[in-house]
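Text of start.cif (mmCIF, C-alpha atoms and all ligand atoms) as supplied:
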data_model
#
loop_
_atom_site.label_atom_id
_atom_site.label_comp_id
_atom_site.auth_asym_id
_atom_site.auth_seq_id
_atom_site.Cartn_x
_atom_site.Cartn_y
_atom_site.Cartn_z
CA MET A 23 -16.71 -43.16 -1.65
CA LYS A 24 -17.33 -41.30 1.61
CA LEU A 25 -18.45 -37.69 1.45
CA SER A 26 -15.28 -36.55 3.26
CA GLU A 27 -13.16 -38.24 0.56
CA VAL A 28 -15.15 -36.52 -2.18
CA VAL A 29 -14.68 -33.15 -0.45
CA SER A 30 -10.94 -33.63 0.01
CA GLN A 31 -10.59 -34.62 -3.68
CA VAL A 32 -12.44 -31.47 -4.70
CA VAL A 33 -10.23 -29.29 -2.47
CA ALA A 34 -7.07 -30.95 -3.77
CA SER A 35 -8.03 -30.26 -7.39
CA ARG A 36 -9.32 -26.76 -6.77
CA PHE A 37 -8.49 -23.99 -9.24
CA ARG A 38 -5.91 -21.74 -7.60
CA PRO A 39 -4.74 -19.05 -9.98
CA GLU A 40 -1.64 -16.95 -9.50
CA PRO A 41 -2.01 -14.56 -6.58
CA ARG A 42 -3.50 -11.23 -7.63
CA PHE A 43 -0.95 -9.37 -5.57
CA ILE A 44 2.52 -10.00 -4.20
CA TRP A 45 2.19 -9.20 -0.50
CA PRO A 46 5.16 -8.40 1.76
CA GLU A 47 7.27 -11.04 3.45
CA GLY A 48 5.68 -14.00 1.72
CA GLN A 49 2.17 -13.27 2.95
CA ARG A 50 -0.57 -14.86 0.88
CA CYS A 51 -3.27 -12.24 1.39
CA ALA A 52 -4.01 -9.01 3.25
CA ALA A 53 -6.83 -8.28 5.70
CA MET A 54 -8.05 -4.79 6.57
CA LEU A 55 -10.54 -4.63 9.44
CA CYS A 56 -12.58 -1.43 9.19
CA PHE A 57 -14.93 0.06 11.76
CA ASP A 58 -17.17 2.86 10.50
CA VAL A 59 -18.19 4.69 13.68
CA ASP A 60 -21.30 6.36 12.25
CA GLY A 61 -23.11 6.86 15.58
CA GLU A 62 -26.10 9.20 15.20
CA THR A 63 -24.92 10.62 11.87
CA THR A 64 -26.56 7.93 9.74
CA ALA A 65 -29.95 9.06 11.06
CA LEU A 66 -29.22 12.80 11.24
CA SER A 67 -27.92 12.96 7.66
CA GLU A 68 -31.15 11.30 6.52
CA ASP A 69 -33.38 13.72 8.44
CA PRO A 70 -32.34 16.15 11.23
CA GLN A 71 -35.88 15.79 12.68
CA LEU A 72 -34.92 12.27 13.75
CA ALA A 73 -32.92 13.85 16.60
CA ARG A 74 -36.14 13.74 18.74
CA ARG A 75 -36.50 9.95 18.33
CA ARG A 76 -34.79 8.95 21.55
CA THR A 77 -34.88 5.19 20.99
CA LEU A 78 -33.42 5.47 17.50
CA MET A 79 -30.78 7.95 18.70
CA SER A 80 -29.84 5.76 21.64
CA GLN A 81 -29.45 2.76 19.35
CA CYS A 82 -27.03 4.81 17.24
CA GLU A 83 -25.18 6.10 20.34
CA TYR A 84 -24.60 2.49 21.37
CA GLY A 85 -21.83 2.39 18.72
CA PRO A 86 -19.37 4.94 20.11
CA ARG A 87 -20.38 4.48 23.78
CA ILE A 88 -20.60 0.69 24.14
CA GLY A 89 -19.54 -0.95 20.88
CA VAL A 90 -16.20 0.79 20.36
CA PRO A 91 -14.71 0.15 23.83
CA ARG A 92 -15.84 -3.46 23.65
CA LEU A 93 -14.35 -3.94 20.17
CA LEU A 94 -11.09 -2.25 21.23
CA GLY A 95 -10.85 -4.81 24.02
CA LEU A 96 -11.24 -7.63 21.53
CA LEU A 97 -8.64 -6.17 19.14
CA ASP A 98 -6.18 -5.78 22.04
CA HIS A 99 -6.82 -9.35 23.11
CA LEU A 100 -6.25 -10.71 19.59
CA GLU A 101 -3.39 -8.26 18.89
CA VAL A 102 -4.73 -7.15 15.52
CA PRO A 103 -4.68 -3.57 14.20
CA ALA A 104 -7.75 -1.94 12.66
CA THR A 105 -8.82 1.20 10.83
CA PHE A 106 -11.62 3.37 12.24
CA PHE A 107 -13.42 5.74 9.86
CA ILE A 108 -15.11 8.43 11.94
CA PRO A 109 -17.44 11.27 10.83
CA GLY A 110 -16.25 14.69 12.05
CA TYR A 111 -19.44 15.19 14.08
CA ILE A 112 -18.86 11.94 16.00
CA ALA A 113 -15.18 12.75 16.58
CA GLU A 114 -16.15 16.17 18.00
CA HIS A 115 -18.71 14.58 20.34
CA HIS A 116 -16.45 11.70 21.40
CA PRO A 117 -12.88 13.09 21.42
CA ARG A 118 -11.74 10.69 24.16
CA MET A 119 -12.87 7.73 22.05
CA VAL A 120 -10.74 8.99 19.15
CA GLU A 121 -7.71 9.50 21.41
CA VAL A 122 -8.01 5.98 22.82
CA ILE A 123 -8.39 4.40 19.36
CA VAL A 124 -5.12 6.07 18.32
CA ALA A 125 -3.39 5.26 21.62
CA ARG A 126 -4.19 1.57 21.12
CA GLY A 127 -2.34 1.62 17.80
CA HIS A 128 -5.24 1.82 15.37
CA GLU A 129 -5.66 4.21 12.47
CA VAL A 130 -8.32 6.94 12.31
CA GLY A 131 -9.60 7.96 8.87
CA LEU A 132 -12.18 10.35 7.42
CA HIS A 133 -15.86 9.50 6.92
CA GLY A 134 -17.64 12.79 6.13
CA TYR A 135 -18.82 15.26 8.76
CA LEU A 136 -22.44 14.19 9.18
CA HIS A 137 -22.19 11.09 6.97
CA GLU A 138 -23.29 13.14 3.96
CA LYS A 139 -24.40 11.44 0.76
CA LEU A 140 -21.71 12.74 -1.58
CA ALA A 141 -23.86 12.08 -4.63
CA TYR A 142 -26.04 15.06 -3.63
CA LEU A 143 -23.16 17.51 -3.09
CA THR A 144 -21.31 19.79 -5.47
CA GLU A 145 -17.54 19.52 -5.69
CA ALA A 146 -17.16 22.72 -3.68
CA GLU A 147 -19.48 21.46 -0.92
CA GLU A 148 -17.65 18.15 -0.79
CA GLU A 149 -14.28 19.90 -0.57
CA ALA A 150 -15.45 22.17 2.28
CA ILE A 151 -16.57 19.12 4.29
CA LEU A 152 -13.28 17.34 3.58
CA VAL A 153 -11.22 20.31 4.76
CA ARG A 154 -13.34 20.71 7.89
CA CYS A 155 -13.02 17.03 8.80
CA ILE A 156 -9.26 16.92 8.24
CA GLY A 157 -9.07 19.78 10.76
CA VAL A 158 -11.33 18.02 13.29
CA LEU A 159 -9.32 14.77 13.27
CA GLU A 160 -5.95 16.52 13.19
CA LYS A 161 -6.87 18.62 16.22
CA ILE A 162 -7.83 15.56 18.28
CA THR A 163 -5.16 13.09 17.17
CA GLY A 164 -2.29 15.48 16.49
CA ARG A 165 -1.77 13.98 13.04
CA ARG A 166 -3.28 14.58 9.66
CA PRO A 167 -5.51 11.71 8.48
CA VAL A 168 -4.37 9.96 5.29
CA GLY A 169 -7.35 7.68 4.59
CA PHE A 170 -10.95 8.21 3.54
CA ARG A 171 -14.05 6.00 3.41
CA ALA A 172 -16.99 7.62 1.65
CA PRO A 173 -20.22 7.63 3.67
CA TRP A 174 -22.65 5.11 2.11
CA PHE A 175 -19.69 3.81 0.02
CA GLU A 176 -20.55 6.37 -2.68
CA THR A 177 -18.09 8.74 -4.37
CA ASN A 178 -18.27 11.36 -7.11
CA PRO A 179 -16.12 11.50 -10.26
CA TRP A 180 -14.10 14.30 -8.66
CA THR A 181 -13.63 12.69 -5.22
CA ALA A 182 -10.26 11.06 -5.99
CA GLY A 183 -8.97 14.42 -7.22
CA LEU A 184 -10.07 16.21 -4.05
CA LEU A 185 -8.50 13.57 -1.81
CA ALA A 186 -5.16 13.72 -3.63
CA ARG A 187 -5.19 17.53 -3.65
CA HIS A 188 -5.59 17.57 0.13
CA GLY A 189 -2.74 15.18 0.71
CA LEU A 190 -4.61 11.95 1.36
CA SER A 191 -2.85 8.69 0.62
CA TYR A 192 -5.82 6.39 0.01
CA CYS A 193 -9.54 5.99 -0.49
CA ALA A 194 -11.40 2.86 0.65
CA SER A 195 -14.75 3.38 -1.08
CA GLU A 196 -14.86 1.84 -4.55
CA MET A 197 -15.63 -1.78 -5.43
CA GLY A 198 -13.76 -2.25 -8.70
CA ASP A 199 -11.37 -5.03 -7.70
CA ASP A 200 -10.45 -7.31 -4.82
CA VAL A 201 -6.89 -5.98 -4.48
CA PRO A 202 -5.78 -2.34 -4.24
CA TYR A 203 -5.36 -0.23 -7.35
CA THR A 204 -4.06 3.24 -8.07
CA HIS A 205 -6.07 6.14 -9.49
CA PRO A 206 -4.40 8.04 -12.37
CA ASN A 207 -3.49 10.84 -9.91
CA GLY A 208 -1.61 8.41 -7.64
CA LEU A 209 -4.28 8.02 -4.96
CA VAL A 210 -4.45 4.41 -3.78
CA GLU A 211 -7.86 2.72 -3.76
CA ILE A 212 -8.49 -0.13 -1.31
CA PRO A 213 -11.76 -1.56 -2.60
CA GLY A 214 -14.47 -3.16 -0.47
CA GLN A 215 -17.68 -5.03 -1.29
CA TRP A 216 -21.21 -5.30 0.12
CA LEU A 217 -20.73 -9.00 0.91
CA LEU A 218 -18.21 -8.07 3.61
CA GLU A 219 -20.40 -5.49 5.40
CA ASP A 220 -22.35 -5.98 8.61
CA TRP A 221 -25.17 -3.54 7.75
CA GLU A 222 -26.72 -5.98 5.26
CA GLN A 223 -26.55 -8.77 7.85
CA PHE A 224 -27.54 -7.10 11.10
CA ALA A 225 -29.16 -3.66 10.66
CA PHE A 226 -32.76 -3.25 11.71
CA ASN A 227 -34.90 -0.30 12.75
CA ALA A 228 -38.69 -0.14 12.63
CA ASP A 229 -39.19 3.53 11.68
CA PRO A 230 -37.40 4.76 9.66
CA ALA A 231 -37.27 1.29 8.15
CA TRP A 232 -33.63 0.21 8.05
CA GLY A 233 -32.28 -3.18 7.11
CA SER A 234 -34.21 -6.39 7.49
CA ILE A 235 -34.42 -9.27 9.95
CA PRO A 236 -31.02 -9.58 11.73
CA GLU A 237 -29.15 -12.66 10.55
CA ASN A 238 -27.88 -15.53 12.64
CA CYS A 239 -24.18 -15.09 13.50
CA ALA A 240 -23.45 -18.65 12.38
CA LYS A 241 -24.71 -17.84 8.88
CA VAL A 242 -22.67 -14.62 8.81
CA PHE A 243 -19.53 -16.43 9.96
CA ASP A 244 -20.03 -18.91 7.12
CA LEU A 245 -20.58 -16.09 4.59
CA TRP A 246 -17.47 -14.13 5.60
CA TRP A 247 -15.25 -17.15 6.23
CA ARG A 248 -15.95 -18.62 2.78
CA GLU A 249 -15.07 -15.31 1.15
CA PHE A 250 -11.92 -14.95 3.26
CA GLU A 251 -10.74 -18.49 2.56
CA ALA A 252 -11.20 -18.07 -1.19
CA MET A 253 -9.57 -14.62 -1.11
CA HIS A 254 -6.64 -16.20 0.71
CA ASP A 255 -6.28 -18.67 -2.16
CA TYR A 256 -6.58 -15.92 -4.76
CA GLY A 257 -4.12 -13.61 -2.98
CA CYS A 258 -6.67 -10.84 -2.45
CA CYS A 259 -7.20 -8.03 0.06
CA PHE A 260 -10.04 -8.93 2.47
CA VAL A 261 -11.69 -5.65 3.51
CA LEU A 262 -14.28 -6.19 6.25
CA THR A 263 -16.51 -3.22 7.11
CA LEU A 264 -18.23 -3.22 10.49
CA HIS A 265 -20.35 -0.70 12.40
CA PRO A 266 -19.91 -0.65 16.19
CA TRP A 267 -23.66 -0.11 16.81
CA LEU A 268 -24.21 -3.45 15.03
CA SER A 269 -21.02 -5.48 15.49
CA GLY A 270 -20.49 -4.22 19.06
CA ARG A 271 -23.44 -6.34 20.27
CA PRO A 272 -22.22 -9.28 22.36
CA SER A 273 -22.90 -12.24 20.08
CA ARG A 274 -21.41 -10.36 17.12
CA VAL A 275 -18.24 -9.50 19.03
CA ARG A 276 -17.97 -13.22 19.61
CA LEU A 277 -18.54 -13.86 15.90
CA LEU A 278 -15.71 -11.45 15.13
CA GLU A 279 -13.47 -13.18 17.66
CA ASP A 280 -14.17 -16.55 16.01
CA LEU A 281 -13.55 -15.12 12.55
CA ILE A 282 -10.27 -13.38 13.41
CA ARG A 283 -8.99 -16.41 15.29
CA ALA A 284 -9.76 -18.62 12.29
CA MET A 285 -8.00 -16.12 10.02
CA GLN A 286 -4.98 -16.03 12.33
CA ALA A 287 -4.84 -19.82 12.31
CA LYS A 288 -4.52 -19.75 8.53
CA ALA A 289 -0.90 -19.01 7.62
CA ALA A 290 0.39 -15.96 5.78
CA VAL A 291 -2.28 -13.31 6.43
CA TRP A 292 -1.11 -9.69 6.65
CA PHE A 293 -3.45 -7.80 9.02
CA ALA A 294 -2.83 -4.23 7.96
CA ARG A 295 -4.19 -0.75 8.56
CA GLY A 296 -5.19 1.31 5.56
CA HIS A 297 -2.12 3.54 5.61
CA GLU A 298 0.20 0.51 5.67
CA LEU A 299 -1.54 -1.02 2.66
CA ALA A 300 -1.41 2.28 0.78
CA SER A 301 2.31 2.79 1.55
CA TYR A 302 3.10 -0.71 0.36
CA VAL A 303 1.10 -0.29 -2.85
CA ARG A 304 2.81 3.04 -3.53
CA ALA A 305 6.29 1.64 -2.88
CA HIS A 306 5.72 -1.55 -4.90
CA PRO A 307 3.70 -0.86 -8.06
CA GLU A 308 5.00 -4.14 -9.47
CA ALA A 309 3.16 -6.06 -6.72
CA ARG A 310 -0.14 -5.85 -8.55
CA ARG A 311 -0.74 -8.62 -11.11
CA GLU A 312 -3.06 -7.46 -13.84
CA ILE A 313 -5.78 -9.72 -15.17
CA ASP A 314 -6.50 -9.60 -18.86
CA PHE A 315 -7.92 -11.87 -21.51
CA ASP A 316 -4.57 -12.36 -23.21
CA ARG A 317 -2.55 -13.31 -20.15
CA PRO A 318 -2.25 -17.10 -20.02
CA VAL A 319 -3.80 -18.70 -16.97
CA SER A 320 -1.29 -20.60 -14.93
CA ILE A 321 -2.41 -22.69 -12.05
CA SER A 322 -0.35 -22.96 -8.91
CA ARG A 323 -0.97 -25.38 -6.12
ZN ZN B 1 -20.73 5.05 7.54
#
Mind turning this structure into structure tokens?
Amino acid sequence: MKLSEVVSQVVASRFRPEPRFIWPEGQRCAAMLCFDVDGETTALSEDPQLARRRTLMSQCEYGPRIGVPRLLGLLDHLEVPATFFIPGYIAEHHPRMVEVIVARGHEVGLHGYLHEKLAYLTEAEEEAILVRCIGVLEKITGRRPVGFRAPWFETNPWTAGLLARHGLSYCASEMGDDVPYTHPNGLVEIPGQWLLEDWEQFAFNADPAWGSIPENCAKVFDLWWREFEAMHDYGCCFVLTLHPWLSGRPSRVRLLEDLIRAMQAKAAVWFARGHELASYVRAHPEARREIDFDRPVSISR
């Protein structure tokens, strides 16, 4: 038997469980493209003394100055919406960037002020930063942000309570599932995962030592495409997290173009912004299919 015949037999007999989630209008899965526009804050939150390291700072500035406009061009070209999580400090220093992101139809969400590590803050400190950043984004965009991505993907036990108390609709920071879930206080969680992050694939800086050797785009395409394709089968929510200082580099913009085009070519994918996902989850609690040991496994093809 030829290898291609073996492969097609395997694909035909593949385990395809019930979709984890019933997505709108017959869509098979959802895709949320996230851009965390950290700029210089990743370095400055680590050590304010790094502000004198011009090469490091300029590498970080590449994100908002070069990466974001280039990525906006790609998103326009492919006609897909995205969600940009922006620290308050970066929004204040690049207000025009924020205005243009909104004008192009994308969502702007919260991402700390200086990309603070929440694990080292008290609840009161975290709340003060949240309130300050809501004000910063509201002043620039004219609307109150409804979404939050924790810097470093790390939250505290009280974070969901703070977000709900200040009127946010969703958090996109935990990793407890591959479809959205709802916190007991009603806040929607849109979980991500480290596999679908560009930092692990592309980040590198000599001193301070960040990341490791940048990966080949072909390997990263394969990594992300395999996860997307399987998530499509499983009816999941594909949450891709990208940083413009990394994914705004030319070959990686091309990688993203290839990936999104391949996703678009696959039928029934709902490209959604965070607030759309959260509204849908809130309006359709029955959409979520729970997994438990006692639920019989049924296989659909
Ligand atoms: Zn970040």
**Q.** Neighbourhood of ligand ZN 1 (chain B) at 7 Å, counting all atoms listed in the file, reported as a PyMOL selection string
**A.** chain A and resi 58-60+64+133+137+173-174
Go through segment 231-298 of chain A residue by residue and, counting only C-alpha atoms, keep those with an atom at most 12 Å from segment 77-98 of chain A; for each kept residue give the shortest atom pair and its distance in Å to one decimal, ordered by chain and increasing number, as JSON lines.
{"residue": "A:Ala231", "atom": "CA", "partner": "A:Leu78", "partner_atom": "CA", "distance": 10.9}
{"residue": "A:Trp232", "atom": "CA", "partner": "A:Leu78", "partner_atom": "CA", "distance": 10.8}
{"residue": "A:Leu264", "atom": "CA", "partner": "A:Leu93", "partner_atom": "CA", "distance": 10.5}
{"residue": "A:His265", "atom": "CA", "partner": "A:Gly85", "partner_atom": "CA", "distance": 7.2}
{"residue": "A:Pro266", "atom": "CA", "partner": "A:Gly85", "partner_atom": "CA", "distance": 4.4}
{"residue": "A:Trp267", "atom": "CA", "partner": "A:Gly85", "partner_atom": "CA", "distance": 3.6}
{"residue": "A:Leu268", "atom": "CA", "partner": "A:Gly85", "partner_atom": "CA", "distance": 7.3}
{"residue": "A:Ser269", "atom": "CA", "partner": "A:Gly89", "partner_atom": "CA", "distance": 7.2}
{"residue": "A:Gly270", "atom": "CA", "partner": "A:Gly89", "partner_atom": "CA", "distance": 3.9}
{"residue": "A:Arg271", "atom": "CA", "partner": "A:Gly89", "partner_atom": "CA", "distance": 6.7}
{"residue": "A:Pro272", "atom": "CA", "partner": "A:Arg92", "partner_atom": "CA", "distance": 8.7}
{"residue": "A:Ser273", "atom": "CA", "partner": "A:Gly89", "partner_atom": "CA", "distance": 11.8}
{"residue": "A:Arg274", "atom": "CA", "partner": "A:Leu93", "partner_atom": "CA", "distance": 10.0}
{"residue": "A:Val275", "atom": "CA", "partner": "A:Leu93", "partner_atom": "CA", "distance": 6.9}
{"residue": "A:Arg276", "atom": "CA", "partner": "A:Leu96", "partner_atom": "CA", "distance": 9.0}
{"residue": "A:Leu277", "atom": "CA", "partner": "A:Leu96", "partner_atom": "CA", "distance": 11.1}
{"residue": "A:Leu278", "atom": "CA", "partner": "A:Leu96", "partner_atom": "CA", "distance": 8.7}
{"residue": "A:Glu279", "atom": "CA", "partner": "A:Leu96", "partner_atom": "CA", "distance": 7.1}
{"residue": "A:Asp280", "atom": "CA", "partner": "A:Leu96", "partner_atom": "CA", "distance": 10.9}
{"residue": "A:Leu281", "atom": "CA", "partner": "A:Leu96", "partner_atom": "CA", "distance": 11.9}
{"residue": "A:Ile282", "atom": "CA", "partner": "A:Leu97", "partner_atom": "CA", "distance": 9.4}
{"residue": "A:Arg283", "atom": "CA", "partner": "A:Leu97", "partner_atom": "CA", "distance": 10.9}
{"residue": "A:Phe293", "atom": "CA", "partner": "A:Leu97", "partner_atom": "CA", "distance": 11.5}
Q: For atom CA of Ile108 of chain A and atom CA of Gly134 of chain A, determine how far apart the two atoms are, in Å to one decimal place.
A: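 Atom-to-atom, atom CA of Ile108 of chain A to atom CA of Gly134 of chain A, that is 7.7 Å.
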(Q) Env of segment 145-159 of chain A: 10 Å cut, atoms = only C-alpha atoms, seq-sep filter 4 positions within chain, self excluded. Answer as a PyMOL selection string. (A) chain A and resi 108-111+113-114+117+120-121+130-136+138-141+163-168+170+178-181+184-185+187-188+190
Q.
Here is a test: counting only C-alpha atoms, which residue of A:Glu298, A:Ser26, A:Ala52, A:Arg38 is nearest to Tyr256 of chain A?
A.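 Among A:Glu298, A:Ser26, A:Ala52, A:Arg38, it is A:Arg38 that comes nearest to Tyr256 of chain A.
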Q. Near segment 217-227 of chain A, counting all atoms listed in the file, which residues have an atom at most 7 Å away, once you skip same-chain residues fewer than 2 positions from it, shown as JSON, numbers by chain?
A. {"A": [215, 229, 230, 231, 232, 233, 234, 235, 236, 237, 246, 261, 262, 263, 264, 265, 268]}
Q) At what distance in Å, to one decimal, does atom CA of His254 of chain A lie from atom CA of Pro206 of chain A? A)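 Atom-to-atom, atom CA of Pro206 of chain A and atom CA of His254 of chain A are spaced 27.6 Å apart.
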Q | Contacts of Tyr302 of chain A within 9 Å, only C-alpha atoms, excl. fewer than 5 positions in-chain, as a PyMOL selection string | A | chain A and resi 45-46+297+307+309
Those residues with C-alpha atoms, as a PDB file, in the frame of the given file please?
ATOM      1  CA  TRP A  45       2.190  -9.200  -0.500  1.00  0.00           C
ATOM      2  CA  PRO A  46       5.160  -8.400   1.760  1.00  0.00           C
ATOM      3  CA  HIS A 297      -2.120   3.540   5.610  1.00  0.00           C
ATOM      4  CA  PRO A 307       3.700  -0.860  -8.060  1.00  0.00           C
ATOM      5  CA  ALA A 309       3.160  -6.060  -6.720  1.00  0.00           C
TER       6      ALA A 309
END
Q. To one decimal place, how far is atom CA of Asp314 of chain A from atom CA of Arg42 of chain A in Å?
A.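 That distance, rounded to one decimal, is 11.7 Å.
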Q: For Val201 of chain A, list every protein, DNA or RNA residue within 9 Å, evaluated using only C-alpha atoms, and leave out those in the same chain fewer than 3 positions away; present the list as a ChimeraX atom specification.
A: /A:42-43,52,198,211-213,257-260,310
(Q) Taking only C-alpha atoms into account, name the residue in A:Gly61, A:Gly169, A:Pro70, A:Gly127 that is nearest to Ile112 of chain A. (A)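 Using only C-alpha atoms, the shortest distance to Ile112 of chain A belongs to A:Gly61.
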Could you work out an axis-aligned box for segment 283-302 of chain A, taking every atom the file lists and adding 3 Å on each side, and report centre and edge lengths in Å to one decimal, as AutoDock Vina command-line options?
--center_x -3.3 --center_y -8.1 --center_z 7.8 --size_x 18.9 --size_y 29.4 --size_z 20.9
As an mmCIF file, in the coordinates of the input, please: segment 259-276 of chain A completed to N, CA and C atoms.
data_model
loop_
_atom_site.group_PDB
_atom_site.id
_atom_site.type_symbol
_atom_site.label_atom_id
_atom_site.label_comp_id
_atom_site.auth_asym_id
_atom_site.auth_seq_id
_atom_site.Cartn_x
_atom_site.Cartn_y
_atom_site.Cartn_z
ATOM 1 N N CYS A 259 -7.194 -8.898 -1.115
ATOM 2 C CA CYS A 259 -7.200 -8.030 0.060
ATOM 3 C C CYS A 259 -8.613 -8.082 0.653
ATOM 4 N N PHE A 260 -8.740 -8.717 1.809
ATOM 5 C CA PHE A 260 -10.040 -8.930 2.470
ATOM 6 C C PHE A 260 -10.351 -7.673 3.285
ATOM 7 N N VAL A 261 -11.326 -6.908 2.828
ATOM 8 C CA VAL A 261 -11.690 -5.650 3.510
ATOM 9 C C VAL A 261 -13.044 -5.849 4.169
ATOM 10 N N LEU A 262 -13.040 -5.947 5.489
ATOM 11 C CA LEU A 262 -14.280 -6.190 6.250
ATOM 12 C C LEU A 262 -14.736 -4.870 6.867
ATOM 13 N N THR A 263 -15.995 -4.496 6.617
ATOM 14 C CA THR A 263 -16.510 -3.220 7.110
ATOM 15 C C THR A 263 -17.603 -3.453 8.151
ATOM 16 N N LEU A 264 -17.334 -2.966 9.360
ATOM 17 C CA LEU A 264 -18.230 -3.220 10.490
ATOM 18 C C LEU A 264 -18.643 -1.898 11.141
ATOM 19 N N HIS A 265 -19.842 -1.881 11.705
ATOM 20 C CA HIS A 265 -20.350 -0.700 12.400
ATOM 21 C C HIS A 265 -20.512 -1.041 13.880
ATOM 22 N N PRO A 266 -19.862 -0.282 14.768
ATOM 23 C CA PRO A 266 -19.910 -0.650 16.190
ATOM 24 C C PRO A 266 -21.322 -0.731 16.778
ATOM 25 N N TRP A 267 -22.310 0.007 16.242
ATOM 26 C CA TRP A 267 -23.660 -0.110 16.810
ATOM 27 C C TRP A 267 -24.292 -1.448 16.457
ATOM 28 N N LEU A 268 -23.733 -2.121 15.425
ATOM 29 C CA LEU A 268 -24.210 -3.450 15.030
ATOM 30 C C LEU A 268 -23.262 -4.536 15.542
ATOM 31 N N SER A 269 -21.977 -4.421 15.159
ATOM 32 C CA SER A 269 -21.020 -5.480 15.490
ATOM 33 C C SER A 269 -20.470 -5.369 16.899
ATOM 34 N N GLY A 270 -20.892 -4.317 17.660
ATOM 35 C CA GLY A 270 -20.490 -4.220 19.060
ATOM 36 C C GLY A 270 -21.428 -4.973 19.993
ATOM 37 N N ARG A 271 -22.520 -5.532 19.444
ATOM 38 C CA ARG A 271 -23.440 -6.340 20.270
ATOM 39 C C ARG A 271 -22.744 -7.659 20.634
ATOM 40 N N PRO A 272 -23.024 -8.168 21.844
ATOM 41 C CA PRO A 272 -22.220 -9.280 22.360
ATOM 42 C C PRO A 272 -22.027 -10.486 21.435
ATOM 43 N N SER A 273 -23.090 -11.019 20.878
ATOM 44 C CA SER A 273 -22.900 -12.240 20.080
ATOM 45 C C SER A 273 -22.092 -11.948 18.813
ATOM 46 N N ARG A 274 -22.159 -10.687 18.341
ATOM 47 C CA ARG A 274 -21.410 -10.360 17.120
ATOM 48 C C ARG A 274 -19.938 -10.089 17.422
ATOM 49 N N VAL A 275 -19.641 -9.616 18.634
ATOM 50 C CA VAL A 275 -18.240 -9.500 19.030
ATOM 51 C C VAL A 275 -17.635 -10.909 19.081
ATOM 52 N N ARG A 276 -18.442 -11.835 19.565
ATOM 53 C CA ARG A 276 -17.970 -13.220 19.610
ATOM 54 C C ARG A 276 -17.775 -13.782 18.196
#
